[in-house]
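Undergrad: Data: upload08.cif, mmCIF, C-alpha atoms.
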```
data_structure
loop_
_atom_site.label_atom_id
_atom_site.label_comp_id
_atom_site.auth_asym_id
_atom_site.auth_seq_id
_atom_site.Cartn_x
_atom_site.Cartn_y
_atom_site.Cartn_z
CA MET A 1 81.28 208.23 66.41
CA LYS A 2 79.19 207.22 69.43
CA SER A 3 76.31 206.11 67.20
CA LEU A 4 78.65 203.61 65.56
CA PHE A 5 79.38 201.96 68.89
CA LEU A 6 75.70 201.90 69.85
CA LYS A 7 75.04 200.16 66.53
CA ILE A 8 77.82 197.64 67.24
CA ARG A 9 76.33 196.80 70.63
CA ARG A 10 72.91 196.16 69.12
CA ARG A 11 74.42 193.96 66.41
CA LEU A 12 76.42 191.95 68.96
CA ALA A 13 73.34 191.33 71.06
CA LYS A 14 71.41 190.16 67.98
CA GLN A 15 74.26 188.00 66.69
CA ASP A 16 74.64 186.27 70.04
CA ARG A 17 70.99 185.14 69.68
CA SER A 18 71.11 184.20 66.01
CA GLU A 19 74.57 182.76 65.42
CA ALA A 20 73.92 179.65 67.51
CA VAL A 21 70.91 178.82 65.33
CA GLN A 22 72.73 179.48 62.07
CA HIS A 23 76.07 177.91 62.98
CA GLU A 24 75.27 174.36 61.85
CA VAL A 25 74.12 175.37 58.38
CA PHE A 26 76.34 178.32 57.66
CA SER A 27 79.53 179.93 58.92
CA ARG A 28 79.68 183.67 58.28
CA ARG A 29 83.36 183.79 59.14
CA ASP A 30 84.24 180.86 56.88
CA PHE A 31 82.70 182.67 53.91
CA LEU A 32 84.47 185.94 54.64
CA LEU A 33 87.81 184.17 55.13
CA ARG A 34 87.48 181.90 52.10
CA ASP A 35 90.81 181.73 50.24
CA VAL A 36 92.46 183.80 53.00
CA LYS A 37 95.78 182.34 54.09
CA LYS A 38 97.27 183.25 57.45
CA SER A 39 100.71 183.60 55.89
CA GLU A 40 99.54 186.28 53.43
CA ILE A 41 99.38 189.97 54.25
CA GLY A 42 95.86 191.34 54.68
CA LEU A 43 94.08 194.45 55.88
CA GLU A 44 91.03 194.53 58.18
CA ILE A 45 88.92 197.67 58.49
CA ALA A 46 87.75 198.70 61.97
CA PRO A 47 87.59 195.25 63.61
CA PHE A 48 87.24 196.85 67.09
CA PHE A 49 86.98 193.87 69.51
CA ARG A 50 85.60 191.31 67.04
CA PRO A 51 88.26 190.79 64.35
CA LEU A 52 87.57 188.32 61.58
CA ALA A 53 91.29 187.56 61.25
CA PRO A 54 92.82 188.01 64.72
CA LYS A 55 96.52 188.60 64.95
CA ALA A 56 96.48 186.34 68.01
CA GLU A 57 95.52 183.44 65.71
CA GLY A 58 98.53 184.03 63.48
CA TYR A 59 97.02 186.14 60.70
CA ARG A 60 99.49 188.57 59.11
CA VAL A 61 96.85 191.27 59.13
CA GLU A 62 97.10 195.03 59.55
CA THR A 63 94.18 197.04 60.89
CA ILE A 64 92.85 200.48 60.01
CA ASP A 65 90.47 202.53 62.18
CA ILE A 66 89.36 206.12 62.55
CA LEU A 67 90.44 205.86 66.23
CA SER A 68 93.70 204.68 67.77
CA THR A 69 93.99 201.60 69.97
CA GLU A 70 94.07 203.74 73.12
CA GLN A 71 91.02 205.72 72.01
CA LEU A 72 89.09 202.50 71.40
CA ARG A 73 90.07 201.21 74.82
CA GLN A 74 88.92 204.48 76.36
CA TRP A 75 85.55 204.14 74.59
CA ILE A 76 84.93 200.80 76.27
CA HIS A 77 86.23 202.03 79.62
CA ASP A 78 83.87 205.03 79.54
CA ASP A 79 80.82 203.10 78.32
CA SER A 80 79.07 201.39 81.23
CA SER A 81 77.04 199.15 78.89
CA LEU A 82 80.20 197.44 77.57
CA PRO A 83 82.12 195.07 79.86
CA ASN A 84 85.69 196.15 80.51
CA GLU A 85 86.90 192.63 79.64
CA LEU A 86 86.42 193.57 75.99
CA ILE A 87 89.35 195.96 76.28
CA ASN A 88 91.72 192.99 76.07
CA GLN A 89 90.04 191.81 72.86
CA ILE A 90 90.61 195.05 70.94
CA GLU A 91 92.78 194.50 67.91
CA GLU A 92 95.84 196.75 67.81
CA VAL A 93 95.33 199.52 65.26
CA ASP A 94 98.18 199.82 62.77
CA HIS A 95 96.83 202.71 60.67
CA VAL A 96 94.72 205.54 62.11
CA GLY A 97 92.59 207.41 59.60
CA SER A 98 89.74 207.22 57.11
CA ALA A 99 89.04 204.02 55.18
CA SER A 100 87.66 206.14 52.34
CA ARG A 101 91.23 207.01 51.44
CA ILE A 102 93.10 203.86 52.36
CA LYS A 103 96.23 204.63 50.34
CA GLU A 104 96.64 207.94 52.13
CA THR A 105 95.90 206.49 55.57
CA ILE A 106 98.38 203.61 55.27
CA GLN A 107 100.89 205.86 53.45
CA TYR A 108 100.96 203.41 50.59
CA SER A 109 104.13 203.54 48.49
CA GLY A 110 103.42 200.65 46.12
CA GLU A 111 106.03 198.33 47.59
CA LYS A 112 103.61 196.04 49.40
CA LYS A 113 100.49 194.33 48.07
CA TYR A 114 97.68 192.95 50.20
CA SER A 115 96.09 189.58 49.41
CA TYR A 116 92.77 190.45 51.04
CA ILE A 117 90.81 193.26 52.67
CA LEU A 118 88.13 192.51 55.29
CA SER A 119 85.22 194.83 56.05
CA SER A 120 82.26 194.05 58.31
CA HIS A 121 79.55 196.74 58.44
CA ASN A 122 81.91 199.53 57.39
CA PHE A 123 81.25 200.01 53.69
CA GLU A 124 77.88 201.71 54.23
CA HIS A 125 79.55 204.39 56.40
CA LEU A 126 82.06 205.51 53.77
CA PRO A 127 81.56 209.04 52.40
CA ASN A 128 83.32 208.11 49.12
CA PRO A 129 82.76 204.43 48.18
CA ILE A 130 84.21 204.70 44.66
CA GLN A 131 87.48 206.12 45.99
CA PHE A 132 87.59 203.33 48.57
CA LEU A 133 87.18 200.67 45.87
CA ARG A 134 89.77 202.31 43.63
CA ASP A 135 92.28 202.45 46.49
CA CYS A 136 91.53 198.81 47.31
CA ASN A 137 92.23 197.87 43.71
CA ASP A 138 95.61 199.63 43.82
CA ILE A 139 96.82 198.00 47.04
CA LEU A 140 95.53 194.48 46.29
CA ALA A 141 97.74 191.85 44.72
CA GLU A 142 96.61 190.19 41.49
CA ASN A 143 93.44 188.21 42.20
CA GLY A 144 93.25 189.89 45.61
CA GLN A 145 89.82 190.08 47.18
CA ILE A 146 87.62 192.27 49.35
CA CYS A 147 85.38 190.31 51.71
CA MET A 148 82.48 192.29 53.14
CA ALA A 149 79.42 191.99 55.35
CA VAL A 150 76.92 194.69 54.35
CA PRO A 151 73.60 195.53 56.07
CA ASP A 152 70.47 195.04 53.99
CA LEU A 153 68.33 198.18 54.30
CA ARG A 154 65.18 196.04 54.47
CA CYS A 155 66.09 194.49 57.81
CA CYS A 156 67.90 197.25 59.67
CA PHE A 157 67.00 200.76 60.83
CA ASP A 158 67.19 201.98 57.18
CA ARG A 159 63.94 200.14 56.28
CA PHE A 160 62.18 203.29 55.00
CA ARG A 161 65.11 204.52 52.91
CA MET A 162 65.63 203.79 49.23
CA PRO A 163 68.81 202.18 47.83
CA THR A 164 71.72 204.47 47.04
CA GLN A 165 72.06 205.21 43.33
CA LEU A 166 75.07 205.61 41.04
CA ASP A 167 74.73 209.40 40.79
CA ASP A 168 75.12 209.66 44.59
CA TRP A 169 78.38 207.74 44.44
CA MET A 170 79.64 209.71 41.46
CA GLN A 171 78.93 213.06 43.12
CA SER A 172 80.85 211.97 46.21
CA PHE A 173 83.74 210.78 44.05
CA TYR A 174 84.08 213.84 41.84
CA GLU A 175 83.63 216.21 44.77
CA GLN A 176 86.09 214.07 46.76
CA LYS A 177 83.85 213.99 49.80
CA SER A 178 85.86 213.15 52.89
CA LEU A 179 83.17 213.29 55.61
CA PRO A 180 79.50 212.33 55.84
CA SER A 181 77.59 215.51 55.03
CA ALA A 182 74.89 217.22 57.07
CA TYR A 183 72.38 215.86 54.57
CA ASP A 184 73.77 212.33 55.00
CA ARG A 185 73.17 212.64 58.73
CA PHE A 186 69.67 214.03 58.24
CA ARG A 187 68.82 211.25 55.76
CA ALA A 188 70.08 208.61 58.17
CA TRP A 189 68.06 209.89 61.12
CA TYR A 190 64.73 211.21 59.95
CA LYS A 191 63.48 207.84 58.66
CA ARG A 192 65.18 205.73 61.29
CA CYS A 193 63.14 202.82 62.67
CA ASN A 194 63.49 199.81 64.94
CA ASN A 195 63.44 197.16 62.18
CA ILE A 196 66.28 194.79 63.09
CA GLY A 197 67.19 191.45 61.58
CA VAL A 198 63.90 190.40 59.98
CA LEU A 199 62.80 190.81 56.36
CA ASP A 200 59.07 190.39 56.91
CA HIS A 201 58.15 192.36 60.04
CA ALA A 202 54.48 193.24 60.24
CA GLU A 203 53.80 196.95 59.77
CA SER A 204 52.55 197.29 63.34
CA GLU A 205 55.85 195.94 64.69
CA ILE A 206 57.98 198.69 63.16
CA VAL A 207 58.29 201.92 65.13
CA LEU A 208 59.38 205.04 63.28
CA HIS A 209 61.74 207.23 65.34
CA PRO A 210 62.21 204.74 68.20
CA ASN A 211 64.78 207.15 69.67
CA PRO A 212 62.87 210.26 70.81
CA LEU A 213 66.09 212.26 70.65
CA LYS A 214 66.32 211.63 66.90
CA ASN A 215 62.86 212.22 65.46
CA LEU A 216 62.03 214.28 62.36
CA ASN A 217 62.16 217.62 64.15
CA THR A 218 65.39 217.02 66.04
CA ALA A 219 67.05 215.69 62.87
CA PHE A 220 65.95 218.86 61.09
CA ALA A 221 67.27 221.04 63.93
CA GLU A 222 70.64 219.28 63.72
CA LEU A 223 70.70 219.83 59.95
CA GLN A 224 69.99 223.55 60.34
CA GLU A 225 72.62 223.97 63.05
CA THR A 226 75.27 222.17 61.01
CA LEU A 227 74.49 224.20 57.89
CA ALA A 228 74.68 227.42 59.92
CA THR A 229 77.90 226.65 61.78
CA GLY A 230 79.63 224.21 59.44
CA HIS A 231 81.42 221.06 60.56
CA SER A 232 84.81 219.55 59.94
CA GLN A 233 84.66 216.57 62.29
CA TYR A 234 83.64 213.05 61.45
CA LYS A 235 80.04 212.30 62.46
CA ASP A 236 79.04 208.73 61.84
CA CYS A 237 76.00 207.53 59.89
CA HIS A 238 74.96 205.16 57.12
CA VAL A 239 75.86 207.14 54.01
CA SER A 240 74.87 204.38 51.56
CA THR A 241 72.05 201.86 51.76
CA PHE A 242 71.66 198.63 49.81
CA THR A 243 69.68 195.58 48.94
CA PRO A 244 71.74 192.73 47.45
CA SER A 245 70.65 193.56 43.89
CA SER A 246 71.20 197.30 44.28
CA PHE A 247 74.73 196.58 45.52
CA ILE A 248 75.53 194.41 42.50
CA LEU A 249 73.99 197.02 40.21
CA LEU A 250 76.21 199.78 41.61
CA ILE A 251 79.34 197.67 41.18
CA LYS A 252 78.43 196.69 37.62
CA GLU A 253 77.61 200.26 36.62
CA CYS A 254 80.95 201.46 38.01
CA ILE A 255 82.66 198.74 35.99
CA GLU A 256 80.89 199.85 32.82
CA LEU A 257 82.12 203.42 33.37
CA ASN A 258 85.67 202.16 34.03
CA LEU A 259 85.58 203.64 37.52
CA ILE A 260 86.60 200.44 39.30
CA HIS A 261 88.29 197.14 38.40
CA LEU A 262 86.75 194.88 41.02
CA ASP A 263 83.83 192.57 40.42
CA VAL A 264 81.45 190.51 42.55
CA VAL A 265 82.49 186.85 42.46
CA ASP A 266 80.38 185.44 45.28
CA MET A 267 77.45 186.54 47.44
CA VAL A 268 75.41 185.06 50.29
CA PRO A 269 71.81 186.33 50.33
CA THR A 270 70.53 188.24 53.31
CA MET A 271 70.61 186.44 56.66
CA GLY A 272 69.75 188.35 59.80
CA ASP A 273 70.44 191.98 58.93
CA GLU A 274 73.22 191.49 56.36
CA PHE A 275 74.36 189.97 53.10
CA LEU A 276 77.91 188.79 52.47
CA VAL A 277 79.88 189.52 49.34
CA ARG A 278 83.33 188.94 47.90
CA LEU A 279 84.83 191.17 45.23
CA LYS A 280 87.96 190.23 43.34
CA LYS A 281 90.54 192.29 41.50
CA MET A 282 90.22 191.30 37.85
CA THR A 283 91.69 192.39 34.53
CA ASP A 284 88.93 190.93 32.34
CA LEU A 285 85.71 192.65 33.38
CA ASN A 286 82.46 192.24 31.46
CA PRO A 287 79.94 195.10 31.79
CA LEU A 288 76.27 194.21 31.89
CA SER A 289 74.14 194.39 28.79
CA SER A 290 71.26 196.83 28.76
CA ASP A 291 68.82 193.98 29.33
CA GLN A 292 70.84 192.65 32.27
CA ARG A 293 70.90 196.10 33.85
CA ARG A 294 67.15 196.42 33.38
CA ASP A 295 66.64 192.99 34.99
CA LEU A 296 68.72 194.02 38.01
CA TYR A 297 66.65 197.17 38.40
CA PHE A 298 63.47 195.09 38.39
CA LYS A 299 65.02 192.65 40.87
CA MET A 300 65.90 195.57 43.15
CA LEU A 301 62.31 196.81 42.94
CA ALA A 302 61.06 193.32 43.77
CA GLU A 303 63.32 193.22 46.83
CA LEU A 304 61.68 196.46 47.94
CA GLY A 305 58.25 194.91 47.48
CA LEU A 306 57.37 197.01 44.44
CA PRO A 307 55.48 194.97 41.80
CA PRO A 308 56.11 195.48 38.06
CA ALA A 309 53.66 197.65 36.17
CA ILE A 310 50.75 195.81 34.59
CA SER A 311 49.80 196.73 31.05
CA LYS A 312 46.16 197.53 30.45
#
```
Could you quickly redo this structure as structure tokens?

TA:
Amino acid sequence: MKSLFLKIRRRLAKQDRSEAVQHEVFSRRDFLLRDVKKSEIGLEIAPFFRPLAPKAEGYRVETIDILSTEQLRQWIHDDSSLPNELINQIEEVDHVGSASRIKETIQYSGEKKYSYILSSHNFEHLPNPIQFLRDCNDILAENGQICMAVPDLRCCFDRFRMPTQLDDWMQSFYEQKSLPSAYDRFRAWYKRCNNIGVLDHAESEIVLHPNPLKNLNTAFAELQETLATGHSQYKDCHVSTFTPSSFILLIKECIELNLIHLDVVDMVPTMGDEFLVRLKKMTDLNPLSSDQRRDLYFKMLAELGLPPAISK
């Protein structure tokens, strides 16, 4: 879990520099809270000390986190790089457990429906995204929405990874994966770089393995040790990686296979290190045509800087 908090610190430092510049032209929070009413019941995933819908502002929101409130407070207390004043900003955790299985974690009985679910830089950590989306669909009210901020692999430390594909999600779903695997951890670390918040860094500006404790060899050693000894504890990493088009493609393909009943209704293109997206629970879902799917694949390749083939 410690890597998650290191990531949060880096993001906070970056946001403090960038949000002032972007504030006049765009409000990240306004987009994520669009159509959210304080009087309606919502669910926020792992807000830590920066909730989008603070209870102190009157939002009827419940929170879910892998750690309890006291454990989160202890994290800040024990981490000398985080000011202790942040302890008072931690949102009280109502449900302790995995977001991959929300219904199980909140002990959902079907009596209560949520109008919205908020997730900022959590979706990419989930070991079973399809199960998460299916659970969200079940607990959302009609026309309920999921509002998410998702890192774009091109402008975060995943720059040298490729977008997650449908077969990865399906394998996790049908095997009911509950934890990031040893291979997920290896994949997240052995290509890790220092690319943060910019789409067009020069090659010379990007350092592969900026953390000497997590280079190719140490990532491989960790993989071997985990495979030899096994593990049953949560170890954090980015399990999935996305560009905006690859994200839409995954959602649309899951719709076509009747795996989920949520669709993208709004998206803000990448700013800083993230894109913003809203998904809504819908009964009338229209799968993509073959040509539309093909076009999204080409758009994804273009986002990765891969030109289309040229006929001779």

Undergrad: Which residue is closest to Leu304 (chain A)? Choose from A:Leu133, A:Val207, A:Cys155, A:Ile102 and count all atoms listed in the file.

TA: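 Checking each candidate against Leu304 (chain A), we get A:Cys155 as the closest.
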
Undergrad: Once the PyMOL selection byres ((chain A and resi 208-215) around 9) has been evaluated on this model, what residues remain selected, and can you format them as a count of residues only?

TA: 15

Undergrad: What's the separation between CA of Glu85 (chain A) and CA of Val36 (chain A), in Å to one decimal place?

TA: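 Computing the Euclidean distance for CA of Glu85 (chain A) and CA of Val36 (chain A) yields 28.6 Å.
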
Undergrad: Starting from the PyMOL selection byres ((chain A and resi 66) around 12), expand the selection into actual residues of this file and give them as number ranges by chain.

TA: A: 1, 4, 45-48, 63-65, 67-72, 93-102, 105-106, 122, 125-126, 179, 233-236

Undergrad: Written as a ChimeraX atom specification, what is the full residue list that the PyMOL selection byres ((chain A and resi 166) around 10) yields on the file shown?

TA: /A:130,163-165,167-171,246,249-251,253-254

Undergrad: Using all atoms listed in the file for the distances, tell me which of A:Gln145, A:Thr243, A:Ser172, A:Ser120 is nearest to Arg28 (chain A).

TA: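 Closest candidate: A:Ser120.
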
Undergrad: With only C-alpha atoms as the atoms that count, which of A:Leu32, A:Leu296, A:Cys237, A:Ile117 lies nearest to Phe275 (chain A)?

TA: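 Once distances to Phe275 (chain A) are computed over only C-alpha atoms, the minimum belongs to A:Leu32.
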
Undergrad: How far is it from CA of Lys113 (chain A) to CA of Asp35 (chain A), in Å with one decimal?

TA: 16.0 Å

Undergrad: With distances taken over only C-alpha atoms, which of A:Glu203, A:Asp158, A:Asp291, A:Glu303 is nearest to Ser245 (chain A)?

TA: A:Glu303

Undergrad: What does the structure give for the distance between CA of Ala53 (chain A) and CA of Asp30 (chain A), in Å to one decimal?

TA: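 Computed distance, CA of Ala53 (chain A) to CA of Asp30 (chain A), equals 10.7 Å.
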
Undergrad: Which polymer residues, protein or nucleic acid, are no farther than 10 Å from (94.7, 192.5, 41.2), counting all atoms listed in the file, as a ChimeraX atom specification?

TA: /A:113-115,136-145,261-262,280-283
